[in-house]
file run.txt (compact mmCIF, C-alpha atoms and all ligand atoms)
# COMPACT_ATOMS: atom_id res chain seq x y z
CA MET G 1 -194.17 103.16 13.82
CA PRO G 2 -192.13 105.91 12.16
CA ILE G 3 -192.09 109.26 13.91
CA SER G 4 -194.25 111.55 11.79
CA THR G 5 -193.48 115.14 10.85
CA ARG G 6 -196.41 116.22 13.01
CA MET G 7 -194.84 114.50 16.01
CA LYS G 8 -191.45 116.05 15.28
CA LEU G 9 -193.01 119.51 15.13
CA ASP G 10 -194.78 118.83 18.43
CA MET G 11 -191.50 117.73 20.01
CA LEU G 12 -189.83 120.89 18.76
CA ARG G 13 -192.63 123.02 20.22
CA THR G 14 -192.31 121.16 23.55
CA MET G 15 -188.52 121.66 23.69
CA VAL G 16 -188.80 125.35 22.85
CA LEU G 17 -191.36 125.78 25.63
CA ALA G 18 -189.13 123.93 28.13
CA ARG G 19 -186.12 126.06 27.14
CA GLN G 20 -188.08 129.31 27.49
CA PHE G 21 -189.58 128.16 30.78
CA GLU G 22 -186.17 127.35 32.26
CA ASP G 23 -184.40 130.37 30.77
CA SER G 24 -186.98 132.46 32.53
CA LEU G 25 -186.35 130.59 35.80
CA THR G 26 -182.60 131.13 35.39
CA LEU G 27 -183.24 134.88 35.69
CA LEU G 28 -186.10 134.77 38.18
CA CYS G 29 -184.25 132.64 40.72
CA ARG G 30 -181.51 135.30 40.94
CA GLU G 31 -183.98 137.90 42.21
CA PRO G 32 -183.76 137.96 46.01
CA GLY G 33 -186.83 136.59 47.76
CA LYS G 34 -188.62 135.67 44.54
CA ILE G 35 -188.42 131.86 44.52
CA ALA G 36 -187.65 129.74 47.56
CA GLY G 37 -185.27 126.79 47.48
CA MET G 38 -182.67 125.43 45.13
CA MET G 39 -183.26 125.92 41.40
CA ILE G 40 -182.28 122.85 39.37
CA LEU G 41 -182.65 123.06 35.60
CA ALA G 42 -182.28 120.70 32.66
CA THR G 43 -181.23 123.21 30.00
CA GLY G 44 -179.74 121.26 27.08
CA GLN G 45 -181.53 118.04 28.01
CA GLU G 46 -184.96 118.94 26.60
CA ALA G 47 -184.96 116.16 23.98
CA VAL G 48 -185.34 113.52 26.67
CA GLY G 49 -188.66 114.70 28.07
CA ALA G 50 -189.96 115.67 24.62
CA GLY G 51 -188.91 112.42 22.93
CA VAL G 52 -190.17 110.07 25.62
CA CYS G 53 -193.47 111.80 26.33
CA ALA G 54 -194.28 112.19 22.63
CA VAL G 55 -195.17 108.51 22.37
CA LEU G 56 -196.92 107.94 25.70
CA ASN G 57 -200.66 107.51 26.09
CA ALA G 58 -202.75 109.45 28.59
CA ASP G 59 -202.97 106.39 30.89
CA ASP G 60 -199.20 105.94 31.09
CA VAL G 61 -197.56 107.17 34.27
CA ILE G 62 -194.32 109.09 34.74
CA ILE G 63 -192.10 109.38 37.81
CA THR G 64 -189.47 112.07 37.70
CA ASN G 65 -186.59 113.51 39.68
CA HIS G 66 -185.10 116.84 40.74
CA ARG G 67 -184.55 117.90 37.09
CA SER G 68 -188.23 117.59 36.26
CA HIS G 69 -189.51 120.71 34.49
CA HIS G 70 -188.97 119.47 30.94
CA HIS G 71 -190.52 116.08 31.70
CA LEU G 72 -193.62 117.69 33.18
CA LEU G 73 -194.06 120.23 30.38
CA ALA G 74 -193.60 117.47 27.80
CA ARG G 75 -196.23 115.43 29.61
CA GLY G 76 -198.65 118.31 29.14
CA ALA G 77 -198.64 119.94 32.58
CA ASP G 78 -200.14 123.43 32.61
CA PRO G 79 -197.24 125.95 32.56
CA LYS G 80 -199.27 128.37 34.72
CA ALA G 81 -199.93 125.82 37.45
CA LEU G 82 -196.28 124.71 37.32
CA MET G 83 -194.93 128.25 37.52
CA ALA G 84 -197.31 129.14 40.36
CA GLU G 85 -196.14 126.06 42.23
CA ILE G 86 -192.50 126.99 41.69
CA PHE G 87 -193.38 130.40 43.16
CA GLY G 88 -195.01 128.62 46.13
CA ARG G 89 -198.47 130.04 45.42
CA ARG G 90 -201.92 128.76 46.33
CA THR G 91 -202.81 128.28 42.63
CA GLY G 92 -199.85 125.97 42.00
CA CYS G 93 -200.37 122.35 41.02
CA ASN G 94 -199.64 121.32 44.61
CA LYS G 95 -201.23 124.36 46.28
CA GLY G 96 -197.84 125.93 46.88
CA LYS G 97 -196.53 123.13 49.08
CA SER G 98 -194.03 121.43 46.78
CA GLY G 99 -192.14 124.29 45.20
CA THR G 100 -189.86 123.48 42.29
CA LEU G 101 -188.41 120.25 43.65
CA HIS G 102 -191.42 118.06 44.47
CA LEU G 103 -193.86 118.80 41.69
CA ALA G 104 -196.63 116.28 41.15
CA VAL G 105 -199.19 116.72 38.38
CA PRO G 106 -201.71 113.88 38.74
CA GLU G 107 -203.94 115.36 35.98
CA VAL G 108 -201.30 114.22 33.47
CA ASN G 109 -200.29 111.10 35.38
CA ALA G 110 -197.02 112.66 36.55
CA LEU G 111 -197.47 111.17 39.97
CA CYS G 112 -194.29 111.98 41.79
CA THR G 113 -191.13 114.04 41.65
CA THR G 114 -188.63 112.79 44.17
CA THR G 115 -185.35 114.53 44.85
CA VAL G 116 -184.00 111.60 46.82
CA VAL G 117 -181.57 110.23 44.26
CA GLY G 118 -182.73 106.81 43.03
CA ALA G 119 -185.96 106.90 45.05
CA GLY G 120 -188.21 107.08 42.01
CA LEU G 121 -187.03 103.68 40.77
CA PRO G 122 -188.77 101.45 43.34
CA ILE G 123 -191.88 103.63 43.12
CA ALA G 124 -191.91 103.03 39.36
CA ALA G 125 -191.48 99.29 39.86
CA GLY G 126 -194.45 99.36 42.26
CA LEU G 127 -196.59 101.27 39.78
CA GLY G 128 -195.58 98.86 37.03
CA PHE G 129 -196.60 95.99 39.29
CA ALA G 130 -200.02 97.60 39.84
CA GLN G 131 -200.48 98.10 36.09
CA GLN G 132 -199.58 94.48 35.43
CA TYR G 133 -201.72 93.13 38.32
CA GLU G 134 -204.76 95.08 37.16
CA SER G 135 -204.12 94.23 33.47
CA ARG G 136 -204.03 97.91 32.57
CA ASP G 137 -203.02 98.81 29.04
CA ALA G 138 -200.41 101.27 30.30
CA VAL G 139 -196.74 101.59 31.19
CA THR G 140 -194.70 103.49 33.78
CA VAL G 141 -191.75 105.64 32.78
CA CYS G 142 -189.09 106.44 35.36
CA PHE G 143 -186.68 109.31 34.63
CA PHE G 144 -183.42 109.32 36.59
CA GLY G 145 -179.84 110.54 36.24
CA ASP G 146 -176.61 108.62 35.71
CA GLY G 147 -175.69 109.20 39.36
CA SER G 148 -178.78 107.26 40.46
CA THR G 149 -177.37 104.07 38.97
CA GLY G 150 -174.88 103.89 41.85
CA GLU G 151 -177.74 103.65 44.35
CA GLY G 152 -178.89 100.27 45.67
CA SER G 153 -182.45 101.15 44.68
CA PHE G 154 -181.45 101.13 40.99
CA HIS G 155 -180.24 97.54 41.17
CA GLU G 156 -183.11 96.32 43.34
CA SER G 157 -185.76 97.94 41.15
CA LEU G 158 -184.37 96.74 37.84
CA ASN G 159 -183.86 93.27 39.23
CA LEU G 160 -187.48 92.97 40.35
CA ALA G 161 -188.84 94.62 37.21
CA GLY G 162 -186.81 92.21 35.06
CA LEU G 163 -187.84 89.21 37.14
CA TRP G 164 -191.55 90.01 37.04
CA ARG G 165 -191.50 91.47 33.51
CA LEU G 166 -193.03 94.69 34.72
CA PRO G 167 -194.22 97.25 32.14
CA VAL G 168 -191.65 99.86 33.13
CA ILE G 169 -189.40 101.99 30.92
CA PHE G 170 -186.31 103.09 32.81
CA VAL G 171 -185.02 106.28 31.20
CA CYS G 172 -181.54 107.23 32.36
CA GLU G 173 -180.62 110.80 31.50
CA ASN G 174 -176.87 110.44 31.31
CA ASN G 175 -175.87 114.11 31.44
CA ARG G 176 -172.26 113.18 32.30
CA TYR G 177 -172.36 114.56 35.88
CA ALA G 178 -173.82 113.70 39.26
CA GLY G 179 -173.44 116.83 41.34
CA ALA G 180 -169.78 117.85 40.95
CA GLN G 181 -168.65 114.33 40.03
CA SER G 182 -168.02 113.49 36.41
CA TYR G 183 -169.32 110.22 35.02
CA ALA G 184 -165.85 108.62 35.13
CA GLU G 185 -165.52 109.59 38.79
CA HIS G 186 -168.68 107.79 39.86
CA THR G 187 -169.14 104.83 37.49
CA PRO G 188 -166.63 102.17 36.39
CA VAL G 189 -168.42 101.03 33.21
CA ALA G 190 -168.52 102.88 29.91
CA SER G 191 -172.16 102.10 29.16
CA LEU G 192 -175.05 102.19 31.59
CA ALA G 193 -177.26 100.55 28.98
CA ALA G 194 -174.98 97.49 29.21
CA ARG G 195 -176.07 97.03 32.82
CA ALA G 196 -179.55 96.04 31.62
CA SER G 197 -178.37 92.54 30.73
CA ALA G 198 -177.73 91.88 34.42
CA TYR G 199 -181.46 92.22 35.00
CA GLY G 200 -182.71 90.28 31.99
CA MET G 201 -183.90 93.26 30.01
CA PRO G 202 -182.70 95.03 26.87
CA GLY G 203 -180.61 98.16 27.27
CA GLU G 204 -180.30 100.76 24.58
CA SER G 205 -178.02 103.77 24.46
CA VAL G 206 -179.44 106.59 22.33
CA ASP G 207 -178.32 110.07 21.38
CA GLY G 208 -179.99 112.04 24.15
CA ASN G 209 -180.09 115.21 22.07
CA ASP G 210 -182.02 113.54 19.24
CA ALA G 211 -185.70 113.73 20.19
CA PRO G 212 -187.05 111.55 17.34
CA ALA G 213 -184.47 108.81 18.12
CA ILE G 214 -185.54 108.89 21.77
CA ALA G 215 -189.20 108.70 20.73
CA GLU G 216 -188.46 105.65 18.56
CA ALA G 217 -186.59 103.89 21.37
CA THR G 218 -189.43 104.64 23.79
CA LEU G 219 -191.98 103.34 21.33
CA ARG G 220 -190.08 100.05 21.05
CA ALA G 221 -189.84 99.79 24.82
CA ARG G 222 -193.53 100.60 25.25
CA GLU G 223 -194.58 97.95 22.72
CA ARG G 224 -192.43 95.38 24.49
CA ALA G 225 -193.88 96.31 27.86
CA LEU G 226 -197.48 96.10 26.64
CA ALA G 227 -196.79 92.76 24.97
CA GLY G 228 -195.84 91.38 28.38
CA GLU G 229 -192.15 91.19 27.52
CA GLY G 230 -191.07 93.34 30.43
CA PRO G 231 -189.00 96.45 31.07
CA THR G 232 -186.34 98.24 29.04
CA LEU G 233 -183.48 100.49 30.08
CA ILE G 234 -182.91 103.44 27.77
CA GLU G 235 -179.76 105.49 28.34
CA CYS G 236 -180.01 108.96 26.79
CA MET G 237 -176.55 110.45 26.26
CA THR G 238 -176.87 114.16 26.85
CA TYR G 239 -175.26 117.02 28.75
CA ARG G 240 -176.13 119.43 31.53
CA TRP G 241 -175.42 122.96 30.25
CA HIS G 242 -175.88 124.58 33.66
CA GLY G 243 -174.44 123.62 37.03
CA HIS G 244 -176.10 121.09 39.30
CA GLY G 245 -178.18 123.97 40.66
CA GLU G 246 -178.19 127.60 39.59
CA ALA G 247 -175.83 128.57 42.44
CA ASP G 248 -173.22 126.10 41.20
CA ARG G 249 -170.37 127.90 39.39
CA GLN G 250 -169.46 124.80 37.32
CA ARG G 251 -165.74 124.97 38.11
CA TYR G 252 -165.50 121.22 37.47
CA GLN G 253 -167.07 121.37 33.97
CA PRO G 254 -164.42 122.32 31.36
CA ALA G 255 -165.47 125.39 29.34
CA ASP G 256 -164.58 123.71 26.03
CA GLU G 257 -166.71 120.70 26.99
CA ILE G 258 -169.73 122.92 27.67
CA ALA G 259 -169.14 124.81 24.41
CA ALA G 260 -168.88 121.57 22.41
CA TRP G 261 -172.18 120.29 23.83
CA LYS G 262 -173.93 123.60 23.21
CA LYS G 263 -173.14 123.06 19.54
CA LYS G 264 -175.20 119.86 19.80
CA CYS G 265 -178.28 121.75 21.04
CA PRO G 266 -181.29 119.41 20.73
CA ILE G 267 -183.57 122.24 19.63
CA GLU G 268 -181.28 123.57 16.90
CA ARG G 269 -180.70 120.02 15.75
CA LEU G 270 -184.36 119.13 15.24
CA ALA G 271 -185.17 122.56 13.79
CA LYS G 272 -182.35 122.14 11.25
CA ALA G 273 -183.54 118.66 10.27
CA LEU G 274 -187.10 119.89 9.78
CA ARG G 275 -185.95 122.95 7.82
CA GLU G 276 -183.78 120.82 5.54
CA ALA G 277 -186.69 118.46 4.95
CA GLY G 278 -188.82 121.43 3.92
CA GLU G 279 -191.14 120.90 6.90
CA LEU G 280 -190.36 124.13 8.76
CA THR G 281 -189.71 127.69 7.65
CA ASP G 282 -187.64 130.26 9.53
CA ALA G 283 -190.83 132.24 10.12
CA GLU G 284 -192.55 129.21 11.62
CA LEU G 285 -189.57 128.56 13.91
CA ALA G 286 -189.61 132.19 15.04
CA GLY G 287 -193.34 131.74 15.65
CA LEU G 288 -192.68 128.77 17.95
CA TRP G 289 -190.24 130.83 20.03
CA ALA G 290 -192.67 133.75 20.20
CA GLU G 291 -195.54 131.47 21.18
CA ALA G 292 -193.47 129.88 23.97
CA ALA G 293 -192.28 133.28 25.20
CA ALA G 294 -195.90 134.44 25.48
CA ILE G 295 -196.93 131.26 27.36
CA VAL G 296 -194.07 131.67 29.82
CA ALA G 297 -194.68 135.39 30.33
CA ASP G 298 -198.33 134.61 31.01
CA ALA G 299 -197.34 131.86 33.48
CA VAL G 300 -194.96 134.19 35.35
CA ARG G 301 -197.61 136.91 35.51
CA TYR G 302 -200.15 134.38 36.81
CA ALA G 303 -197.71 133.12 39.44
CA GLU G 304 -196.75 136.59 40.62
CA GLU G 305 -200.37 137.69 40.91
CA SER G 306 -201.46 134.52 42.72
CA PRO G 307 -202.08 134.47 46.47
CA TRP G 308 -199.88 132.70 48.99
CA PRO G 309 -201.35 129.64 50.72
CA ALA G 310 -203.00 130.46 54.05
CA PRO G 311 -201.11 129.22 57.13
CA GLU G 312 -204.15 127.22 58.25
CA GLU G 313 -203.92 125.16 55.00
CA ALA G 314 -200.45 123.90 55.90
CA LEU G 315 -201.63 120.48 57.07
CA ASP G 316 -204.35 119.98 54.43
CA ASP G 317 -203.60 117.01 52.16
CA VAL G 318 -200.87 115.82 54.50
CA TRP G 319 -201.11 112.12 55.25
CA VAL G 320 -200.22 110.65 58.57
CA VAL G 321 -200.04 106.86 58.69
C1 LIG A 401 -179.94 109.63 48.29
C2 LIG A 401 -179.40 110.99 47.95
N1 LIG A 401 -178.07 111.19 47.96
C3 LIG A 401 -177.57 112.40 47.63
C4 LIG A 401 -178.41 113.42 47.29
C5 LIG A 401 -177.82 114.79 46.90
N2 LIG A 401 -177.93 114.90 45.44
C6 LIG A 401 -178.98 115.55 44.87
S1 LIG A 401 -178.91 115.48 43.20
C7 LIG A 401 -177.46 114.64 43.23
C8 LIG A 401 -176.79 114.23 41.94
C9 LIG A 401 -177.62 113.31 41.17
O1 LIG A 401 -177.00 113.03 39.94
P1 LIG A 401 -177.79 112.31 38.81
O2 LIG A 401 -178.61 111.20 39.35
O3 LIG A 401 -176.81 111.97 37.75
O4 LIG A 401 -178.82 113.40 38.28
P2 LIG A 401 -178.50 114.83 37.65
O5 LIG A 401 -178.42 115.77 38.81
O6 LIG A 401 -177.23 114.73 36.90
O7 LIG A 401 -179.66 115.12 36.78
C10 LIG A 401 -177.06 114.40 44.53
C11 LIG A 401 -175.83 113.65 44.88
C12 LIG A 401 -179.78 113.19 47.31
N3 LIG A 401 -180.66 114.14 46.96
N4 LIG A 401 -180.26 111.95 47.60
call {"tool": "encode", "arguments": {"input": "run.txt", "output": "structure tokens", "more": "lines below"}}
Ligand SMILES: Cc1ncc(C[n+]2csc(CCOP(=O)(O)OP(=O)(O)O)c2C)c(N)n1
result
Amino acid sequence: MPISTRMKLDMLRTMVLARQFEDSLTLLCREPGKIAGMMILATGQEAVGAGVCAVLNADDVIITNHRSHHHLLARGADPKALMAEIFGRRTGCNKGKSGTLHLAVPEVNALCTTTVVGAGLPIAAGLGFAQQYESRDAVTVCFFGDGSTGEGSFHESLNLAGLWRLPVIFVCENNRYAGAQSYAEHTPVASLAARASAYGMPGESVDGNDAPAIAEATLRARERALAGEGPTLIECMTYRWHGHGEADRQRYQPADEIAAWKKKCPIERLAKALREAGELTDAELAGLWAEAAAIVADAVRYAEESPWPAPEEALDDVWVV
């Protein structure tokens, strides 16, 4: 199925919202006492969430990692509930108990954000098994970084998913760094997609700043999964504009490298393509930015005005097994 203009415009809107949302967090997290915990952003990587989620159905499930905001917004999570959660407020999607790093939004089938590197992979394999076992017409998408592929859980999960032909799409966001380690410092192979063959599944490396190309690759993987042909590994080649977290001064990322990748901005790229195709005017693009700015301002206002959770709620929804 070709990616329609309507879908491309939706992806652009999603990326603009994610950029505004995280640009706002970049500033907010510097204000003392405003937001607790480490702030980890995916600025520059917005095409991955937008491209993948554009072709998912409501019943499909996503599992994400510490760089989750753009995945969750692309999946349709309510920006107000997300922002309130990031602020630790009672009205947040997890009642103020997850903060920015453990966001779960079951309403949109975003079941788990895990910050344990590689830990989402076996959870995704388990969900894929459940979908297959119950003959559900749905797939599981697992987002993870290039650094996760050095974890044992990556190899175990892809092996089992390949063996049992589970309906899982493994989406590796290769942003060239894992913490302060560059890709070449943590991985001996040039292509992570090539690793797929070791687990009996196709691996595809796509331009991770090209949202429509990511959507097309995801669509192919989803069709395969639903046809019972098993999982796919998609490696999205992108770049982390910011440090690992907002307190990271990026001394290990060369300035010219950052500048070169900023020229490949996924938002500018899609906007340019749509403008050149006569599908988007400058005024419409400005309208998208203004619309996203208003949504984010509203979300921040909502979060700031929301109450804190009551101490006696601390153990509500906590499972002990
Ligand atoms: C098992 C485990 N080891 C180490 C860490 C510390 N840690 C958090 S994020 C991160 C880097 C992960 O890199 P990558 O998977 O490439 O994702 P990215 O941060 O680039 O999006 C590390 C080492 C952790 N959270 N969990």
call {"tool": "residues_around", "arguments": {"input": "run.txt", "residues": "Ala221 (chain G)", "least_positions_apart": "5", "cutoff": "8 Å", "atoms": "only C-alpha atoms", "output": "list of chain:residue names"}}
result
G:Ile169, G:Pro231, G:Thr232
call {"tool": "residues_near_point", "arguments": {"input": "run.txt", "point": "(-190.8, 128.8, 33.2)", "cutoff": "12 Å", "atoms": "all atoms listed in the file", "output": "tab-separated table (two decimals) with C-alpha atoms, in the frame of the given file"}}
result
chain	number	residue	atom	x	y	z
G	16	VAL	CA	-188.80	125.35	22.85
G	17	LEU	CA	-191.36	125.78	25.63
G	18	ALA	CA	-189.13	123.93	28.13
G	19	ARG	CA	-186.12	126.06	27.14
G	20	GLN	CA	-188.08	129.31	27.49
G	21	PHE	CA	-189.58	128.16	30.78
G	22	GLU	CA	-186.17	127.35	32.26
G	23	ASP	CA	-184.40	130.37	30.77
G	24	SER	CA	-186.98	132.46	32.53
G	25	LEU	CA	-186.35	130.59	35.80
G	26	THR	CA	-182.60	131.13	35.39
G	27	LEU	CA	-183.24	134.88	35.69
G	28	LEU	CA	-186.10	134.77	38.18
G	29	CYS	CA	-184.25	132.64	40.72
G	35	ILE	CA	-188.42	131.86	44.52
G	39	MET	CA	-183.26	125.92	41.40
G	41	LEU	CA	-182.65	123.06	35.60
G	42	ALA	CA	-182.28	120.70	32.66
G	43	THR	CA	-181.23	123.21	30.00
G	68	SER	CA	-188.23	117.59	36.26
G	69	HIS	CA	-189.51	120.71	34.49
G	70	HIS	CA	-188.97	119.47	30.94
G	72	LEU	CA	-193.62	117.69	33.18
G	73	LEU	CA	-194.06	120.23	30.38
G	77	ALA	CA	-198.64	119.94	32.58
G	78	ASP	CA	-200.14	123.43	32.61
G	79	PRO	CA	-197.24	125.95	32.56
G	80	LYS	CA	-199.27	128.37	34.72
G	81	ALA	CA	-199.93	125.82	37.45
G	82	LEU	CA	-196.28	124.71	37.32
G	83	MET	CA	-194.93	128.25	37.52
G	84	ALA	CA	-197.31	129.14	40.36
G	85	GLU	CA	-196.14	126.06	42.23
G	86	ILE	CA	-192.50	126.99	41.69
G	87	PHE	CA	-193.38	130.40	43.16
G	100	THR	CA	-189.86	123.48	42.29
G	292	ALA	CA	-193.47	129.88	23.97
G	293	ALA	CA	-192.28	133.28	25.20
G	294	ALA	CA	-195.90	134.44	25.48
G	295	ILE	CA	-196.93	131.26	27.36
G	296	VAL	CA	-194.07	131.67	29.82
G	297	ALA	CA	-194.68	135.39	30.33
G	298	ASP	CA	-198.33	134.61	31.01
G	299	ALA	CA	-197.34	131.86	33.48
G	300	VAL	CA	-194.96	134.19	35.35
G	301	ARG	CA	-197.61	136.91	35.51
G	302	TYR	CA	-200.15	134.38	36.81
G	303	ALA	CA	-197.71	133.12	39.44
call {"tool": "residues_near_ligand", "arguments": {"input": "run.txt", "ligand": "ligand LIG 401 (chain A)", "cutoff": "10 Å", "atoms": "all atoms listed in the file", "output": "PyMOL selection string"}}
result
chain G and resi 40-42+45+65-68+114-119+143-153+172-183+186+239-240+243-245
call {"tool": "closest_residue", "arguments": {"input": "run.txt", "among": "G:Ala259, G:Ala104, G:Ala247, G:Val52", "to": "Thr64 (chain G)", "atoms": "all atoms listed in the file"}}
result
G:Ala104
call {"tool": "residues_around", "arguments": {"input": "run.txt", "residues": "region 236-238 of chain G", "least_positions_apart": "2", "cutoff": "10 Å", "atoms": "only C-alpha atoms", "output": "PDB file with C-alpha atoms, in the frame of the given file"}}
result
ATOM      1  CA  GLY G  44    -179.740 121.260  27.080  1.00  0.00           C
ATOM      2  CA  GLN G  45    -181.530 118.040  28.010  1.00  0.00           C
ATOM      3  CA  GLU G  46    -184.960 118.940  26.600  1.00  0.00           C
ATOM      4  CA  ALA G  47    -184.960 116.160  23.980  1.00  0.00           C
ATOM      5  CA  VAL G  48    -185.340 113.520  26.670  1.00  0.00           C
ATOM      6  CA  GLY G 145    -179.840 110.540  36.240  1.00  0.00           C
ATOM      7  CA  ASP G 146    -176.610 108.620  35.710  1.00  0.00           C
ATOM      8  CA  VAL G 171    -185.020 106.280  31.200  1.00  0.00           C
ATOM      9  CA  CYS G 172    -181.540 107.230  32.360  1.00  0.00           C
ATOM     10  CA  GLU G 173    -180.620 110.800  31.500  1.00  0.00           C
ATOM     11  CA  ASN G 174    -176.870 110.440  31.310  1.00  0.00           C
ATOM     12  CA  ASN G 175    -175.870 114.110  31.440  1.00  0.00           C
ATOM     13  CA  ARG G 176    -172.260 113.180  32.300  1.00  0.00           C
ATOM     14  CA  SER G 191    -172.160 102.100  29.160  1.00  0.00           C
ATOM     15  CA  LEU G 192    -175.050 102.190  31.590  1.00  0.00           C
ATOM     16  CA  ALA G 193    -177.260 100.550  28.980  1.00  0.00           C
ATOM     17  CA  GLU G 204    -180.300 100.760  24.580  1.00  0.00           C
ATOM     18  CA  SER G 205    -178.020 103.770  24.460  1.00  0.00           C
ATOM     19  CA  VAL G 206    -179.440 106.590  22.330  1.00  0.00           C
ATOM     20  CA  ASP G 207    -178.320 110.070  21.380  1.00  0.00           C
ATOM     21  CA  GLY G 208    -179.990 112.040  24.150  1.00  0.00           C
ATOM     22  CA  ASN G 209    -180.090 115.210  22.070  1.00  0.00           C
ATOM     23  CA  ASP G 210    -182.020 113.540  19.240  1.00  0.00           C
ATOM     24  CA  ALA G 211    -185.700 113.730  20.190  1.00  0.00           C
ATOM     25  CA  ALA G 213    -184.470 108.810  18.120  1.00  0.00           C
ATOM     26  CA  ILE G 214    -185.540 108.890  21.770  1.00  0.00           C
ATOM     27  CA  ALA G 217    -186.590 103.890  21.370  1.00  0.00           C
ATOM     28  CA  LEU G 233    -183.480 100.490  30.080  1.00  0.00           C
ATOM     29  CA  ILE G 234    -182.910 103.440  27.770  1.00  0.00           C
ATOM     30  CA  ARG G 240    -176.130 119.430  31.530  1.00  0.00           C
ATOM     31  CA  TRP G 241    -175.420 122.960  30.250  1.00  0.00           C
ATOM     32  CA  TRP G 261    -172.180 120.290  23.830  1.00  0.00           C
ATOM     33  CA  LYS G 264    -175.200 119.860  19.800  1.00  0.00           C
ATOM     34  CA  CYS G 265    -178.280 121.750  21.040  1.00  0.00           C
ATOM     35  CA  PRO G 266    -181.290 119.410  20.730  1.00  0.00           C
TER      36      PRO G 266
END
call {"tool": "closest_residue", "arguments": {"input": "run.txt", "among": "G:Glu268, G:Leu274, G:Leu219, G:Val168", "to": "Trp289 (chain G)", "atoms": "all atoms listed in the file"}}
result
G:Glu268
call {"tool": "residues_around", "arguments": {"input": "run.txt", "residues": "region 123-140 of chain G", "least_positions_apart": "6", "cutoff": "9 Å", "atoms": "all atoms listed in the file", "output": "PyMOL selection string"}}
result
chain G and resi 56-63+112+157-158+160-161+164-170+222+225-226+228
call {"tool": "axis_aligned_box", "arguments": {"input": "run.txt", "around": "region 168-174 of chain G", "padding_each_side": "5 Å", "output": "JSON"}}
result
{"center_x": -184.3, "center_y": 105.3, "center_z": 32.0, "size_x": 24.8, "size_y": 20.9, "size_z": 12.2}
call {"tool": "atom_distance", "arguments": {"input": "run.txt", "atom1": "CA of Glu276 (chain G)", "atom2": "CA of Leu12 (chain G)"}}
result
14.5 Å
call {"tool": "decode", "arguments": {"input": "run.txt", "residues": "region 131-135 of chain G", "atoms": "all heavy atoms", "output": "PDB file, in the first residue's frame"}}
result
ATOM      1  N   GLN G 131      -0.580 -12.945  21.203  1.00  0.00           N
ATOM      2  CA  GLN G 131      -1.379 -12.587  20.014  1.00  0.00           C
ATOM      3  C   GLN G 131      -1.511 -13.777  19.073  1.00  0.00           C
ATOM      4  O   GLN G 131      -2.576 -14.036  18.514  1.00  0.00           O
ATOM      5  CB  GLN G 131      -0.719 -11.403  19.283  1.00  0.00           C
ATOM      6  CG  GLN G 131      -0.863 -10.091  20.039  1.00  0.00           C
ATOM      7  CD  GLN G 131       0.066  -8.999  19.528  1.00  0.00           C
ATOM      8  OE1 GLN G 131       1.176  -9.272  19.069  1.00  0.00           O
ATOM      9  NE2 GLN G 131      -0.365  -7.756  19.628  1.00  0.00           N
ATOM     10  N   GLN G 132      -0.403 -14.507  18.910  1.00  0.00           N
ATOM     11  CA  GLN G 132      -0.436 -15.682  18.033  1.00  0.00           C
ATOM     12  C   GLN G 132      -1.319 -16.786  18.638  1.00  0.00           C
ATOM     13  O   GLN G 132      -2.150 -17.374  17.966  1.00  0.00           O
ATOM     14  CB  GLN G 132       0.991 -16.197  17.850  1.00  0.00           C
ATOM     15  CG  GLN G 132       1.120 -17.368  16.909  1.00  0.00           C
ATOM     16  CD  GLN G 132       2.540 -17.930  16.958  1.00  0.00           C
ATOM     17  OE1 GLN G 132       2.970 -18.441  17.995  1.00  0.00           O
ATOM     18  NE2 GLN G 132       3.251 -17.811  15.865  1.00  0.00           N
ATOM     19  N   TYR G 133      -1.149 -17.042  19.923  1.00  0.00           N
ATOM     20  CA  TYR G 133      -1.864 -18.120  20.633  1.00  0.00           C
ATOM     21  C   TYR G 133      -3.367 -17.882  20.594  1.00  0.00           C
ATOM     22  O   TYR G 133      -4.145 -18.811  20.431  1.00  0.00           O
ATOM     23  CB  TYR G 133      -1.360 -18.144  22.078  1.00  0.00           C
ATOM     24  CG  TYR G 133      -1.804 -19.324  22.888  1.00  0.00           C
ATOM     25  CD1 TYR G 133      -1.265 -20.589  22.662  1.00  0.00           C
ATOM     26  CD2 TYR G 133      -2.743 -19.172  23.906  1.00  0.00           C
ATOM     27  CE1 TYR G 133      -1.658 -21.681  23.422  1.00  0.00           C
ATOM     28  CE2 TYR G 133      -3.142 -20.248  24.673  1.00  0.00           C
ATOM     29  CZ  TYR G 133      -2.594 -21.509  24.424  1.00  0.00           C
ATOM     30  OH  TYR G 133      -2.989 -22.578  25.175  1.00  0.00           O
ATOM     31  N   GLU G 134      -3.751 -16.619  20.713  1.00  0.00           N
ATOM     32  CA  GLU G 134      -5.180 -16.285  20.729  1.00  0.00           C
ATOM     33  C   GLU G 134      -5.695 -15.902  19.340  1.00  0.00           C
ATOM     34  O   GLU G 134      -6.808 -15.390  19.220  1.00  0.00           O
ATOM     35  CB  GLU G 134      -5.427 -15.152  21.733  1.00  0.00           C
ATOM     36  CG  GLU G 134      -5.134 -15.609  23.159  1.00  0.00           C
ATOM     37  CD  GLU G 134      -5.387 -14.528  24.208  1.00  0.00           C
ATOM     38  OE1 GLU G 134      -5.607 -13.361  23.822  1.00  0.00           O
ATOM     39  OE2 GLU G 134      -5.352 -14.877  25.394  1.00  0.00           O
ATOM     40  N   SER G 135      -4.884 -16.135  18.319  1.00  0.00           N
ATOM     41  CA  SER G 135      -5.248 -15.833  16.925  1.00  0.00           C
ATOM     42  C   SER G 135      -5.775 -14.415  16.762  1.00  0.00           C
ATOM     43  O   SER G 135      -6.763 -14.171  16.065  1.00  0.00           O
ATOM     44  CB  SER G 135      -6.296 -16.824  16.411  1.00  0.00           C
ATOM     45  OG  SER G 135      -5.840 -18.130  16.533  1.00  0.00           O
TER      46      SER G 135
END
